[in-house]
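Dumped run27.tsv below, it's TSV, C-alpha atoms and all ligand atoms:
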```tsv
chain	number	residue	atom	x	y	z
A	1	MET	CA	22.24	-61.15	31.68
A	2	PRO	CA	21.77	-57.63	33.08
A	3	THR	CA	18.36	-56.93	34.52
A	4	LYS	CA	16.54	-53.60	34.43
A	5	THR	CA	16.07	-52.09	37.85
A	6	LYS	CA	13.05	-49.96	38.72
A	7	PRO	CA	14.00	-46.42	39.88
A	8	THR	CA	13.67	-46.20	43.62
A	9	LYS	CA	11.24	-43.71	45.18
A	10	ILE	CA	14.22	-41.68	46.45
A	11	ALA	CA	15.77	-41.44	42.97
A	12	ALA	CA	12.44	-40.39	41.45
A	13	LYS	CA	11.92	-37.70	44.15
A	14	SER	CA	15.41	-36.30	43.60
A	15	ALA	CA	14.84	-36.10	39.83
A	16	ASN	CA	11.59	-34.27	40.48
A	17	ARG	CA	13.30	-31.83	42.87
A	18	LYS	CA	16.00	-31.17	40.23
A	19	SER	CA	13.50	-30.23	37.57
A	20	LYS	CA	11.62	-27.93	40.01
A	21	THR	CA	14.79	-26.15	41.13
A	22	GLN	CA	16.07	-25.60	37.59
A	23	ASN	CA	17.29	-22.06	36.89
A	24	PRO	CA	14.16	-20.18	35.78
A	25	LYS	CA	16.31	-18.31	33.27
A	26	SER	CA	17.42	-21.50	31.60
A	27	PRO	CA	15.81	-22.05	28.21
A	28	SER	CA	12.44	-23.78	28.15
A	29	PRO	CA	12.08	-26.96	26.13
A	30	LYS	CA	10.32	-24.85	23.44
A	31	SER	CA	13.22	-22.42	23.05
A	32	ASP	CA	15.61	-25.37	22.86
A	33	ASN	CA	14.15	-25.75	19.42
A	34	PRO	CA	15.18	-22.50	17.73
A	35	LYS	CA	13.72	-21.25	14.46
A	36	PRO	CA	15.55	-22.30	11.30
A	37	LYS	CA	18.46	-19.98	10.50
A	38	SER	CA	16.86	-18.82	7.23
A	39	GLN	CA	13.76	-17.59	9.09
A	40	ASN	CA	15.87	-15.61	11.54
A	41	LEU	CA	17.89	-14.15	8.66
A	42	ALA	CA	14.71	-13.14	6.80
A	43	LYS	CA	13.52	-11.43	9.99
A	44	SER	CA	16.73	-9.46	10.37
A	45	TYR	CA	16.52	-8.28	6.75
A	46	THR	CA	13.08	-6.84	7.44
A	47	ALA	CA	13.86	-5.45	10.90
A	48	PRO	CA	12.43	-1.92	11.40
A	49	ALA	CA	15.90	-0.37	11.84
A	50	ARG	CA	17.07	-1.78	8.50
A	51	LEU	CA	13.89	-0.67	6.76
A	52	GLN	CA	14.39	2.85	8.10
A	53	LYS	CA	17.91	2.88	6.64
A	54	ILE	CA	16.52	1.83	3.26
A	55	PHE	CA	13.83	4.54	3.38
A	56	ALA	CA	16.37	7.18	4.44
A	57	GLY	CA	18.74	6.18	1.62
A	58	LEU	CA	15.94	6.33	-0.96
A	59	ASP	CA	14.63	9.66	0.40
A	60	ALA	CA	18.13	11.13	0.12
A	61	LEU	CA	18.49	9.95	-3.47
A	62	PHE	CA	14.94	10.71	-4.65
A	63	PRO	CA	13.26	13.22	-2.33
A	64	LYS	CA	10.39	13.96	-4.72
A	65	PRO	CA	9.86	10.82	-6.75
A	66	GLU	CA	7.48	11.09	-9.68
A	67	CYS	CA	6.12	8.89	-12.40
A	68	ALA	CA	8.33	9.19	-15.50
A	69	LEU	CA	5.51	8.64	-18.00
A	70	LEU	CA	4.28	11.85	-19.65
A	71	HIS	CA	0.54	12.38	-19.17
A	72	GLU	CA	-1.99	15.11	-18.55
A	73	ASN	CA	-4.86	13.12	-17.05
A	74	PRO	CA	-5.72	9.66	-15.68
A	75	PHE	CA	-6.73	8.30	-19.10
A	76	GLN	CA	-3.45	9.30	-20.69
A	77	LEU	CA	-1.55	7.75	-17.79
A	78	LEU	CA	-3.53	4.54	-18.26
A	79	VAL	CA	-2.66	4.42	-21.97
A	80	ALA	CA	1.01	5.25	-21.31
A	81	THR	CA	1.22	2.53	-18.66
A	82	ILE	CA	-0.31	-0.06	-21.00
A	83	LEU	CA	2.26	0.98	-23.64
A	84	SER	CA	5.13	0.72	-21.14
A	85	ALA	CA	4.81	-3.07	-20.81
A	86	GLN	CA	8.04	-4.61	-22.13
A	87	CYS	CA	9.16	-1.16	-23.24
A	88	THR	CA	11.18	1.71	-21.77
A	89	ASP	CA	9.49	4.85	-20.49
A	90	GLU	CA	11.74	6.89	-22.79
A	91	ARG	CA	10.36	5.09	-25.82
A	92	VAL	CA	6.77	5.50	-24.58
A	93	ASN	CA	7.39	9.22	-23.99
A	94	LYS	CA	8.46	9.58	-27.61
A	95	VAL	CA	5.23	8.01	-28.83
A	96	THR	CA	2.55	9.44	-26.53
A	97	PRO	CA	2.78	13.19	-27.32
A	98	GLY	CA	1.83	12.53	-30.96
A	99	LEU	CA	-0.69	9.89	-29.95
A	100	PHE	CA	-2.49	12.17	-27.49
A	101	ARG	CA	-2.47	15.08	-29.94
A	102	LYS	CA	-4.31	12.87	-32.40
A	103	TRP	CA	-6.60	11.03	-29.96
A	104	PRO	CA	-6.57	12.69	-26.52
A	105	ALA	CA	-9.70	11.25	-24.86
A	106	PRO	CA	-11.29	7.81	-24.40
A	107	GLN	CA	-14.13	8.75	-26.77
A	108	ASP	CA	-11.58	9.08	-29.60
A	109	TYR	CA	-10.71	5.40	-29.37
A	110	VAL	CA	-14.26	4.03	-29.54
A	111	GLY	CA	-14.68	2.57	-33.04
A	112	LEU	CA	-11.11	3.48	-34.00
A	113	PRO	CA	-9.75	0.89	-36.47
A	114	GLN	CA	-7.14	-1.14	-34.60
A	115	GLU	CA	-4.65	-0.93	-37.49
A	116	GLU	CA	-4.61	2.86	-37.25
A	117	LEU	CA	-3.65	2.74	-33.58
A	118	GLU	CA	-1.13	-0.03	-34.25
A	119	LYS	CA	0.73	2.25	-36.67
A	120	GLU	CA	1.06	4.96	-34.01
A	121	ILE	CA	2.32	2.69	-31.24
A	122	HIS	CA	4.31	0.25	-33.37
A	123	SER	CA	7.69	1.15	-31.86
A	124	THR	CA	6.63	0.24	-28.31
A	125	GLY	CA	6.46	-3.47	-29.20
A	126	PHE	CA	3.59	-5.93	-28.77
A	127	PHE	CA	1.61	-3.28	-30.64
A	128	ARG	CA	-1.29	-5.52	-31.74
A	129	ASN	CA	-2.15	-6.58	-28.23
A	130	LYS	CA	-1.59	-3.10	-26.84
A	131	ALA	CA	-3.80	-1.50	-29.51
A	132	LYS	CA	-6.55	-4.04	-28.86
A	133	ASN	CA	-6.36	-3.42	-25.09
A	134	ILE	CA	-6.30	0.38	-25.36
A	135	ILE	CA	-9.37	0.41	-27.65
A	136	GLY	CA	-11.11	-2.14	-25.38
A	137	ALA	CA	-10.29	-0.19	-22.21
A	138	ALA	CA	-11.36	3.15	-23.71
A	139	THR	CA	-14.62	1.65	-24.97
A	140	ARG	CA	-15.42	0.21	-21.55
A	141	ILE	CA	-14.52	3.50	-19.84
A	142	VAL	CA	-16.94	5.35	-22.14
A	143	ASN	CA	-19.74	2.78	-21.93
A	144	GLU	CA	-19.52	1.70	-18.29
A	145	PHE	CA	-17.82	4.54	-16.45
A	146	SER	CA	-19.20	7.67	-18.14
A	147	GLY	CA	-15.87	8.41	-19.81
A	148	GLN	CA	-13.95	8.58	-16.49
A	149	VAL	CA	-11.14	6.21	-15.57
A	150	PRO	CA	-12.49	4.36	-12.52
A	151	ARG	CA	-11.03	4.89	-9.06
A	152	THR	CA	-11.17	1.42	-7.57
A	153	MET	CA	-8.86	-1.54	-8.02
A	154	GLU	CA	-11.77	-3.85	-8.80
A	155	GLU	CA	-13.16	-1.60	-11.56
A	156	LEU	CA	-9.74	-0.94	-13.04
A	157	LEU	CA	-9.02	-4.66	-13.17
A	158	SER	CA	-12.17	-5.08	-15.26
A	159	LEU	CA	-10.55	-3.08	-18.10
A	160	PRO	CA	-8.77	-5.05	-20.85
A	161	GLY	CA	-4.99	-5.04	-20.48
A	162	VAL	CA	-5.07	-3.79	-16.89
A	163	ALA	CA	-3.46	-5.91	-14.16
A	164	ARG	CA	-2.53	-4.86	-10.62
A	165	LYS	CA	0.67	-3.08	-11.67
A	166	THR	CA	-1.12	-0.76	-14.11
A	167	ALA	CA	-4.02	-0.24	-11.71
A	168	ASN	CA	-1.63	0.69	-8.89
A	169	VAL	CA	0.18	3.18	-11.15
A	170	VAL	CA	-3.09	4.87	-12.13
A	171	LEU	CA	-4.59	4.89	-8.64
A	172	GLY	CA	-1.40	6.04	-6.91
A	173	THR	CA	-0.15	8.59	-9.44
A	174	ALA	CA	-3.32	9.97	-11.02
A	175	TYR	CA	-5.62	9.83	-8.00
A	176	GLY	CA	-3.25	9.65	-5.02
A	177	ILE	CA	-5.02	6.51	-3.82
A	178	ALA	CA	-2.71	3.91	-2.26
A	179	VAL	CA	-4.25	0.46	-2.45
A	180	GLY	CA	-1.05	-1.41	-3.16
A	181	ALA	CA	2.56	-1.18	-4.28
A	182	VAL	CA	3.60	-1.13	-7.92
A	183	VAL	CA	5.75	-4.17	-8.63
A	184	ASP	CA	7.43	-3.88	-12.01
A	185	THR	CA	10.68	-5.48	-13.13
A	186	HIS	CA	12.81	-2.99	-11.11
A	187	VAL	CA	10.79	-3.37	-7.90
A	188	PHE	CA	10.82	-7.16	-8.26
A	189	ARG	CA	14.60	-7.30	-8.77
A	190	ILE	CA	15.54	-4.81	-6.06
A	191	THR	CA	13.24	-6.13	-3.35
A	192	HIS	CA	14.97	-9.48	-3.87
A	193	ARG	CA	18.45	-7.93	-3.83
A	194	LEU	CA	17.61	-6.10	-0.61
A	195	LYS	CA	15.99	-9.31	0.69
A	196	LEU	CA	12.70	-7.62	1.46
A	197	SER	CA	10.90	-10.45	-0.27
A	198	GLN	CA	11.76	-13.88	-1.51
A	199	ALA	CA	8.43	-14.36	-3.28
A	200	LYS	CA	8.34	-15.77	-6.77
A	201	THR	CA	5.52	-13.67	-8.25
A	202	PRO	CA	4.89	-9.89	-8.42
A	203	GLU	CA	1.59	-10.38	-6.58
A	204	LYS	CA	3.31	-12.07	-3.63
A	205	VAL	CA	6.10	-9.46	-3.61
A	206	GLU	CA	3.42	-6.78	-3.45
A	207	GLU	CA	1.82	-8.53	-0.47
A	208	ASP	CA	5.20	-8.67	1.30
A	209	LEU	CA	5.84	-4.97	0.66
A	210	MET	CA	2.37	-4.03	1.89
A	211	ARG	CA	3.06	-5.93	5.11
A	212	LEU	CA	6.48	-4.29	5.61
A	213	ILE	CA	5.83	-0.71	4.57
A	214	SER	CA	3.26	1.69	5.91
A	215	GLN	CA	0.47	2.56	3.47
A	216	THR	CA	1.47	6.22	3.38
A	217	ARG	CA	4.75	5.18	1.76
A	218	TRP	CA	3.48	2.66	-0.81
A	219	VAL	CA	3.21	5.09	-3.74
A	220	ALA	CA	6.47	6.96	-3.09
A	221	PHE	CA	8.39	3.75	-2.32
A	222	SER	CA	7.41	2.24	-5.68
A	223	HIS	CA	8.48	5.37	-7.57
A	224	GLN	CA	11.74	5.56	-5.62
A	225	ILE	CA	12.66	1.93	-6.24
A	226	ILE	CA	11.82	2.26	-9.95
A	227	LEU	CA	14.10	5.32	-10.21
A	228	PHE	CA	16.76	3.53	-8.15
A	229	GLY	CA	16.62	0.60	-10.58
A	230	ARG	CA	16.95	2.89	-13.58
A	231	LYS	CA	19.80	5.02	-12.29
A	232	ILE	CA	21.84	2.89	-9.86
A	233	CYS	CA	20.76	-0.66	-9.12
A	234	PHE	CA	20.80	-1.88	-12.73
A	235	ALA	CA	19.92	-5.46	-13.56
A	236	ARG	CA	23.45	-5.93	-14.91
A	237	LYS	CA	26.47	-4.30	-13.31
A	238	PRO	CA	24.72	-2.21	-10.66
A	239	LEU	CA	26.61	0.91	-9.58
A	240	CYS	CA	27.25	-0.40	-6.06
A	241	ALA	CA	30.23	1.94	-5.50
A	242	GLU	CA	27.81	4.88	-5.76
A	243	CYS	CA	24.97	3.26	-3.84
A	244	SER	CA	23.83	4.73	-0.53
A	245	LEU	CA	22.39	1.35	0.46
A	246	ALA	CA	25.63	-0.57	-0.06
A	247	SER	CA	26.33	-0.90	3.68
A	248	ILE	CA	23.13	-2.82	4.27
A	249	CYS	CA	23.07	-4.75	0.99
A	250	ASP	CA	24.56	-8.21	0.62
A	251	ALA	CA	23.09	-9.11	-2.74
A	252	PRO	CA	25.06	-11.94	-4.36
A	253	ASP	CA	25.61	-9.82	-7.50
A	254	LYS	CA	26.79	-6.75	-5.60
A	255	THR	CA	29.83	-5.30	-7.39
A	256	VAL	CA	31.79	-3.90	-4.40
B	301	LIG	S1	24.76	-2.19	-3.27
B	301	LIG	FE1	24.54	-2.63	-5.47
B	301	LIG	S2	23.14	-4.40	-5.57
B	301	LIG	FE2	22.97	-3.52	-3.50
B	301	LIG	S3	21.24	-2.12	-3.64
B	301	LIG	FE3	23.10	-0.91	-4.04
B	301	LIG	S4	23.36	-0.92	-6.27
B	301	LIG	FE4	21.88	-2.54	-5.75
```

Can I see the file as structure tokens?
Ligand code: SF4
Amino acid sequence: MPTKTKPTKIAAKSANRKSKTQNPKSPSPKSDNPKPKSQNLAKSYTAPARLQKIFAGLDALFPKPECALLHENPFQLLVATILSAQCTDERVNKVTPGLFRKWPAPQDYVGLPQEELEKEIHSTGFFRNKAKNIIGAATRIVNEFSGQVPRTMEELLSLPGVARKTANVVLGTAYGIAVGAVVDTHVFRITHRLKLSQAKTPEKVEEDLMRLISQTRWVAFSHQIILFGRKICFARKPLCAECSLASICDAPDKTV
């Protein structure tokens, strides 16, 4: 039966010498354990050079991006944004001119019978909930904020029907205050196609974008991506042949 032999002192010393004289450039035990491939891939998708290409492509397409919702003041933008949930901006823009002619200011909605408002906004869908939220938000603006749409995320989130997306639209567009990135259906879809985020919720996508993009670009980037989603990078059959980002896009549903 074979017996185990103890390593001799000479053998132990030579092993020791070998490890000390190893090429200093050879990988350390830590780097022998590389990051998973998916992590490295995610890093390359968010590399500064790639981000710059995305920004340059968007700037070329939409040099002066603006909010598509018609409005004349922060309150009207708030109402239009509430109405735009599950509805196109075109449809909202057909409804709001008449609505704001009839009831232009928050004070006009305090005590307004909900059914009357519902009739005006019926075509935007989910009209009962939207009417309830608009009246609730206007009433709170009058009672708690002296008739002015508040300028902080926290205060805006205290209004009925206002979540981060709406608050970011109002703060960024009406007040020029960048506290976050608007993540609507277009931004959510396109950030995934461009692999800027793999998050499952709009809130997490917003956090990813805020980490990747400098604050000075948050407002413009959101507008640009929304326009990009409406004109080129459609949910179905995106116009990849006309897309300036095609060379850096490898979305699975790319059409070229
Ligand atoms: S190549 Fe196609 S899928 Fe990719 S960003 Fe452009 S339009 Fe969207």

Fill in: Protein and nucleic acid residues within 12 Å of ligand LIG 301 (chain B) (all atoms listed in the file) as a PyMOL selection string
chain A and resi 53-54+57-58+61+186-187+189-196+225-256

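In this structure, CA of Glu203 in chain A sits 11.8 Å away from CA of Asn168 in chain A.
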
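Minimum atom-to-atom distance to Phe62 in chain A, evaluated using only C-alpha atoms, belongs to A:Gln224 out of A:Asn93, A:Asn133, A:Gln224, A:Ser44.
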
Worksheet item: Using only C-alpha atoms, which residue out of A:Ala56, A:Val79, A:Leu70, A:Val110 lies closest to Pro97 in chain A?
Response: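 Of all the options, A:Leu70 lies closest to Pro97 in chain A.
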
Fill in: Selection near Leu77 in chain A, 12 Å with all atoms listed in the file, sequence-local residues under 6 positions removed, as a ChimeraX atom specification
/A:67-71,83-84,89,92-93,96-97,100,104-106,134,149,166-175

Store the residues picked out above, limited to C-alpha atoms, as a compact mmCIF listing (two decimals), in the coordinates of the input.
```txt
# COMPACT_ATOMS: atom_id res chain seq x y z
CA CYS A 67 6.12 8.89 -12.40
CA ALA A 68 8.33 9.19 -15.50
CA LEU A 69 5.51 8.64 -18.00
CA LEU A 70 4.28 11.85 -19.65
CA HIS A 71 0.54 12.38 -19.17
CA LEU A 83 2.26 0.98 -23.64
CA SER A 84 5.13 0.72 -21.14
CA ASP A 89 9.49 4.85 -20.49
CA VAL A 92 6.77 5.50 -24.58
CA ASN A 93 7.39 9.22 -23.99
CA THR A 96 2.55 9.44 -26.53
CA PRO A 97 2.78 13.19 -27.32
CA PHE A 100 -2.49 12.17 -27.49
CA PRO A 104 -6.57 12.69 -26.52
CA ALA A 105 -9.70 11.25 -24.86
CA PRO A 106 -11.29 7.81 -24.40
CA ILE A 134 -6.30 0.38 -25.36
CA VAL A 149 -11.14 6.21 -15.57
CA THR A 166 -1.12 -0.76 -14.11
CA ALA A 167 -4.02 -0.24 -11.71
CA ASN A 168 -1.63 0.69 -8.89
CA VAL A 169 0.18 3.18 -11.15
CA VAL A 170 -3.09 4.87 -12.13
CA LEU A 171 -4.59 4.89 -8.64
CA GLY A 172 -1.40 6.04 -6.91
CA THR A 173 -0.15 8.59 -9.44
CA ALA A 174 -3.32 9.97 -11.02
CA TYR A 175 -5.62 9.83 -8.00
```

Response to the item:
Using only C-alpha atoms, the best pick from A:Asp59, A:Ile82, A:Leu51, A:Arg164 as closest to Leu209 in chain A would be A:Leu51

Discussion item. Using only C-alpha atoms, which protein or nucleic acid residues come within 10 Å of Ala137 in chain A? Drop anything in the same chain fewer than 5 positions from it, and give the result as a PyMOL selection string.
Written reply: chain A and resi 75+78-79+106+109-110+131-132+142-143+149+156+158-162

Fill in: Separation of CA of Met153 in chain A from CA of Gly98 in chain A in Å
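That distance, rounded to one decimal, is 29.0 Å.
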
Worksheet entry | d(CA of Thr139 in chain A, CA of Phe126 in chain A) in Å |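 Between these atoms lies a distance of 20.1 Å.
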
Need the shell around Ala85 in chain A: protein/DNA/RNA residues with any atom at most 9 Å away, counting all atoms listed in the file. Skip same-chain ones fewer than 5 positions apart. Format as a short mmCIF file (atom, residue, chain, number, x, y, z; two decimals) with C-alpha atoms, in the coordinates of the input?
```cif
data_model
loop_
_atom_site.label_atom_id
_atom_site.label_comp_id
_atom_site.auth_asym_id
_atom_site.auth_seq_id
_atom_site.Cartn_x
_atom_site.Cartn_y
_atom_site.Cartn_z
CA THR A 124 6.63 0.24 -28.31
CA GLY A 125 6.46 -3.47 -29.20
CA PHE A 126 3.59 -5.93 -28.77
CA LYS A 130 -1.59 -3.10 -26.84
#
```
